[in-house]
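S.K.: Got a file for you: entry.txt, compact mmCIF, C-alpha atoms.
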# COMPACT_ATOMS: atom_id res chain seq x y z
CA MET A 1 -16.78 37.45 -40.69
CA ARG A 2 -19.13 35.01 -38.92
CA LEU A 3 -16.96 32.11 -40.03
CA LEU A 4 -13.88 33.81 -38.57
CA LEU A 5 -15.66 34.47 -35.26
CA SER A 6 -16.92 30.87 -35.14
CA VAL A 7 -13.42 29.50 -35.72
CA CYS A 8 -11.96 31.80 -33.05
CA ALA A 9 -14.67 30.81 -30.57
CA ALA A 10 -14.07 27.11 -31.25
CA CYS A 11 -10.33 27.52 -30.76
CA LEU A 12 -10.77 29.42 -27.51
CA ALA A 13 -13.25 26.86 -26.22
CA GLY A 14 -10.90 24.03 -27.15
CA CYS A 15 -7.96 25.71 -25.42
CA HIS A 16 -10.09 26.59 -22.41
CA PHE A 17 -11.50 23.12 -21.85
CA GLY A 18 -8.31 21.32 -22.84
CA ALA A 19 -6.48 23.07 -20.01
CA PHE A 20 -8.81 21.53 -17.42
CA TRP A 21 -8.94 17.95 -18.64
CA ASP A 22 -5.95 15.73 -18.15
CA PHE A 23 -6.40 12.31 -19.70
CA ARG A 24 -3.07 10.84 -18.60
CA SER A 25 -3.18 7.61 -16.62
CA PRO A 26 -1.87 7.57 -13.03
CA THR A 27 1.22 5.72 -14.28
CA ASP A 28 1.79 8.38 -16.97
CA HIS A 29 1.57 11.11 -14.30
CA ALA A 30 4.13 9.21 -12.23
CA LYS A 31 6.48 8.67 -15.17
CA ASP A 32 6.30 12.36 -16.07
CA SER A 33 7.38 13.29 -12.53
CA ALA A 34 9.90 10.52 -11.85
CA ALA A 35 13.02 12.42 -12.99
CA ARG A 36 12.60 15.08 -10.29
CA CYS A 37 12.03 12.51 -7.54
CA THR A 38 15.52 11.07 -7.23
CA GLY A 39 16.49 11.05 -3.56
CA TYR A 40 13.02 11.80 -2.23
CA THR A 41 12.05 8.72 -0.25
CA VAL A 42 10.12 8.01 2.93
CA ALA A 43 13.36 7.00 4.66
CA LYS A 44 14.98 10.38 3.89
CA ASN A 45 11.93 12.37 5.05
CA PRO A 46 10.77 10.71 8.29
CA ALA A 47 9.21 13.89 9.74
CA VAL A 48 6.82 14.11 6.80
CA PHE A 49 5.69 10.49 6.87
CA ALA A 50 5.42 9.71 10.59
CA PRO A 51 1.79 9.31 11.69
CA SER A 52 2.76 11.02 14.96
CA SER A 53 3.67 14.21 13.04
CA VAL A 54 0.03 14.66 11.97
CA GLU A 55 -1.77 16.76 14.57
CA LYS A 56 -5.24 16.26 13.09
CA VAL A 57 -7.16 15.29 9.97
CA GLU A 58 -10.18 17.09 8.56
CA PRO A 59 -12.28 16.54 5.45
CA ALA A 60 -11.05 18.57 2.46
CA ILE A 61 -14.17 20.37 1.28
CA THR A 62 -14.76 22.43 -1.86
CA HIS A 63 -17.72 24.74 -2.28
CA VAL A 64 -19.34 24.71 -5.71
CA ALA A 65 -22.00 27.07 -7.02
CA SER A 66 -25.27 25.15 -7.27
CA GLY A 67 -27.57 28.06 -8.04
CA PRO A 68 -27.63 31.82 -8.29
CA ILE A 69 -27.45 32.25 -4.50
CA GLN A 70 -26.50 28.85 -3.10
CA ASP A 71 -23.35 26.84 -3.03
CA GLU A 72 -22.85 23.18 -2.26
CA ALA A 73 -20.12 21.60 -0.15
CA ARG A 74 -18.36 18.63 -1.74
CA LEU A 75 -15.93 16.20 -0.16
CA ARG A 76 -12.62 16.18 -2.05
CA GLY A 77 -10.42 14.13 0.31
CA ALA A 78 -8.38 14.83 3.44
CA LEU A 79 -6.59 17.78 4.96
CA LEU A 80 -3.71 16.69 7.20
CA TYR A 81 -2.28 19.18 9.69
CA LEU A 82 1.44 18.53 10.26
CA GLU A 83 3.30 19.81 13.28
CA PRO A 84 6.25 22.13 12.69
CA SER A 85 9.64 20.50 12.36
CA PRO A 86 13.11 22.12 12.24
CA ASN A 87 14.38 22.79 8.73
CA LEU A 88 11.13 21.61 7.11
CA THR A 89 9.57 23.82 4.44
CA ARG A 90 6.33 23.71 2.49
CA GLU A 91 8.32 22.99 -0.67
CA MET A 92 10.15 20.06 0.93
CA ILE A 93 6.88 18.54 2.12
CA GLN A 94 5.27 19.04 -1.30
CA ARG A 95 8.13 17.34 -3.12
CA ALA A 96 8.47 14.50 -0.61
CA VAL A 97 4.76 13.61 -0.68
CA GLU A 98 4.43 13.95 -4.46
CA CYS A 99 7.52 11.79 -4.97
CA HIS A 100 6.21 9.19 -2.54
CA GLU A 101 3.09 8.97 -4.70
CA VAL A 102 5.26 8.64 -7.82
CA HIS A 103 7.44 5.91 -6.29
CA VAL A 104 4.44 3.91 -5.06
CA LEU A 105 2.68 4.11 -8.44
CA LEU A 106 5.86 3.00 -10.24
CA GLY A 107 6.48 0.19 -7.73
CA SER A 108 9.83 1.45 -6.43
CA GLU A 109 8.50 2.17 -2.91
CA ASN A 110 5.85 0.48 -0.76
CA GLU A 111 2.75 2.17 0.56
CA LEU A 112 2.72 3.13 4.22
CA PRO A 113 0.12 1.36 6.39
CA SER A 114 -3.18 3.21 5.68
CA ASP A 115 -1.16 5.55 3.43
CA PRO A 116 -2.99 8.90 3.22
CA TYR A 117 -0.82 10.09 0.31
CA THR A 118 -1.45 7.29 -2.19
CA LEU A 119 -4.19 5.05 -3.50
CA PRO A 120 -3.31 2.08 -5.72
CA GLY A 121 -3.88 2.91 -9.38
CA THR A 122 -5.03 6.48 -8.63
CA TRP A 123 -3.37 9.84 -9.15
CA LEU A 124 -4.25 12.18 -6.28
CA ASP A 125 -3.91 15.96 -6.22
CA ILE A 126 -1.55 16.91 -3.40
CA ASP A 127 -0.99 20.45 -2.12
CA ALA A 128 1.20 21.33 0.86
CA GLN A 129 0.83 24.75 2.48
CA SER A 130 2.32 26.63 5.41
CA GLN A 131 -0.43 27.06 8.01
CA GLY A 132 0.22 29.13 11.12
CA ASP A 133 3.14 27.50 12.92
CA GLY A 134 2.79 24.20 11.02
CA PHE A 135 1.77 22.83 7.66
CA THR A 136 -1.23 21.34 5.90
CA VAL A 137 -1.26 18.74 3.19
CA ALA A 138 -4.45 18.51 1.14
CA VAL A 139 -4.88 15.16 -0.61
CA ARG A 140 -7.77 15.46 -3.05
CA SER A 141 -9.70 13.77 -5.81
CA ASP A 142 -12.65 14.92 -7.91
CA ASP A 143 -14.26 11.50 -7.50
CA PHE A 144 -16.46 11.31 -4.36
CA SER A 145 -15.77 7.62 -3.69
CA THR A 146 -12.02 8.16 -3.96
CA ALA A 147 -12.21 11.28 -1.78
CA LYS A 148 -14.07 9.33 0.88
CA HIS A 149 -11.46 6.56 0.75
CA VAL A 150 -8.61 9.10 1.08
CA LEU A 151 -10.25 10.61 4.17
CA GLU A 152 -10.77 7.17 5.75
CA ARG A 153 -7.14 6.22 5.13
CA ALA A 154 -5.88 9.52 6.57
CA ARG A 155 -7.89 8.99 9.75
CA GLN A 156 -6.60 5.40 10.07
CA PHE A 157 -3.03 6.61 9.46
CA VAL A 158 -3.25 9.08 12.35
CA ALA A 159 -5.07 6.61 14.62
CA SER A 160 -2.20 4.14 14.18
CA SER A 161 0.09 6.43 16.18
CA ARG A 162 -2.26 7.05 19.10
Please re-express this file's structure in structure tokens.
M.R.:
Amino acid sequence: MRLLLSVCAACLAGCHFGAFWDFRSPTDHAKDSAARCTGYTVAKNPAVFAPSSVEKVEPAITHVASGPIQDEARLRGALLYLEPSPNLTREMIQRAVECHEVHVLLGSENELPSDPYTLPGTWLDIDAQSQGDGFTVAVRSDDFSTAKHVLERARQFVASSR
């Protein structure tokens, strides 16, 4: 009986932890997503990629439990607030930005100047949401140095239009 419980516990732990760790390279991520990115380019989605369409940039922060009562704020990247645009949906923004990252990583599209949605050789987590009367795009990484770089690039991207 103990052996059976031990095996079940090991299997559950393996499944549990395996779901959280993704060991694919950035290029492998891009290749896995490339088929659904046909037709999604910067040129076909100018409202998403114009620095002037970003109203503001804030740090993307995650709070992590650091003790029984405390939590700790951690920088994860940038949160870009996009102004509303006719016929633009959260899903369209999500696909356009993800596909831009795919195209840049695979070399079929160039980075934008101070591109907030890509980093050479790095796969970033991107999440577009509807926010009030506009949208937000969170561009995140678990690595602090990368997150800091993403935030710097997002701020430079927006500053280029002012």
S.K.: Would you list the contacts of Pro86 of chain A as a ChimeraX atom specification, taking every protein, DNA or RNA residue within 12 Å and counting only C-alpha atoms, but skipping same-chain residues closer than 6 positions in sequence?
M.R.: /A:47-48,92,133-134
S.K.: I'd like to know which of A:Ser52, A:Ser25, A:Thr122, A:Ser130 is closest to Thr146 of chain A, using only C-alpha atoms.
M.R.: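 Of the candidates, the smallest distance to Thr146 of chain A is held by A:Thr122.
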S.K.: Once you count only C-alpha atoms, which residues end up no further than 8 Å from (-16.4, 22.4, -2.6) in the file's frame, shown as a list in words?
M.R.: Ile61, Thr62, His63, Val64, Glu72, Ala73, Arg74, Leu75 and Arg76 of chain A
S.K.: Mind giving me the axis-aligned box for segment 99-106 of chain A with 3 Å on every side, centre plus edges in Å to one decimal, as JSON?
M.R.:
{"center_x": 5.1, "center_y": 7.4, "center_z": -6.4, "size_x": 10.8, "size_y": 14.8, "size_z": 13.7}
S.K.: Excluding Val54 of chain A and residues on its chain fewer than 3 positions from it, collect all residues at most 12 Å away from it, counting all atoms listed in the file, and give them as a ChimeraX atom specification.
M.R.: /A:47-51,57-58,78-85,116,134-137,154-162
S.K.: Could you list, as an MDAnalysis selection string, every residue within 7 Å of Leu106 of chain A, counting all atoms listed in the file and ignoring same-chain residues fewer than 3 positions away?
M.R.: chainID A and resid 27 30 102:103
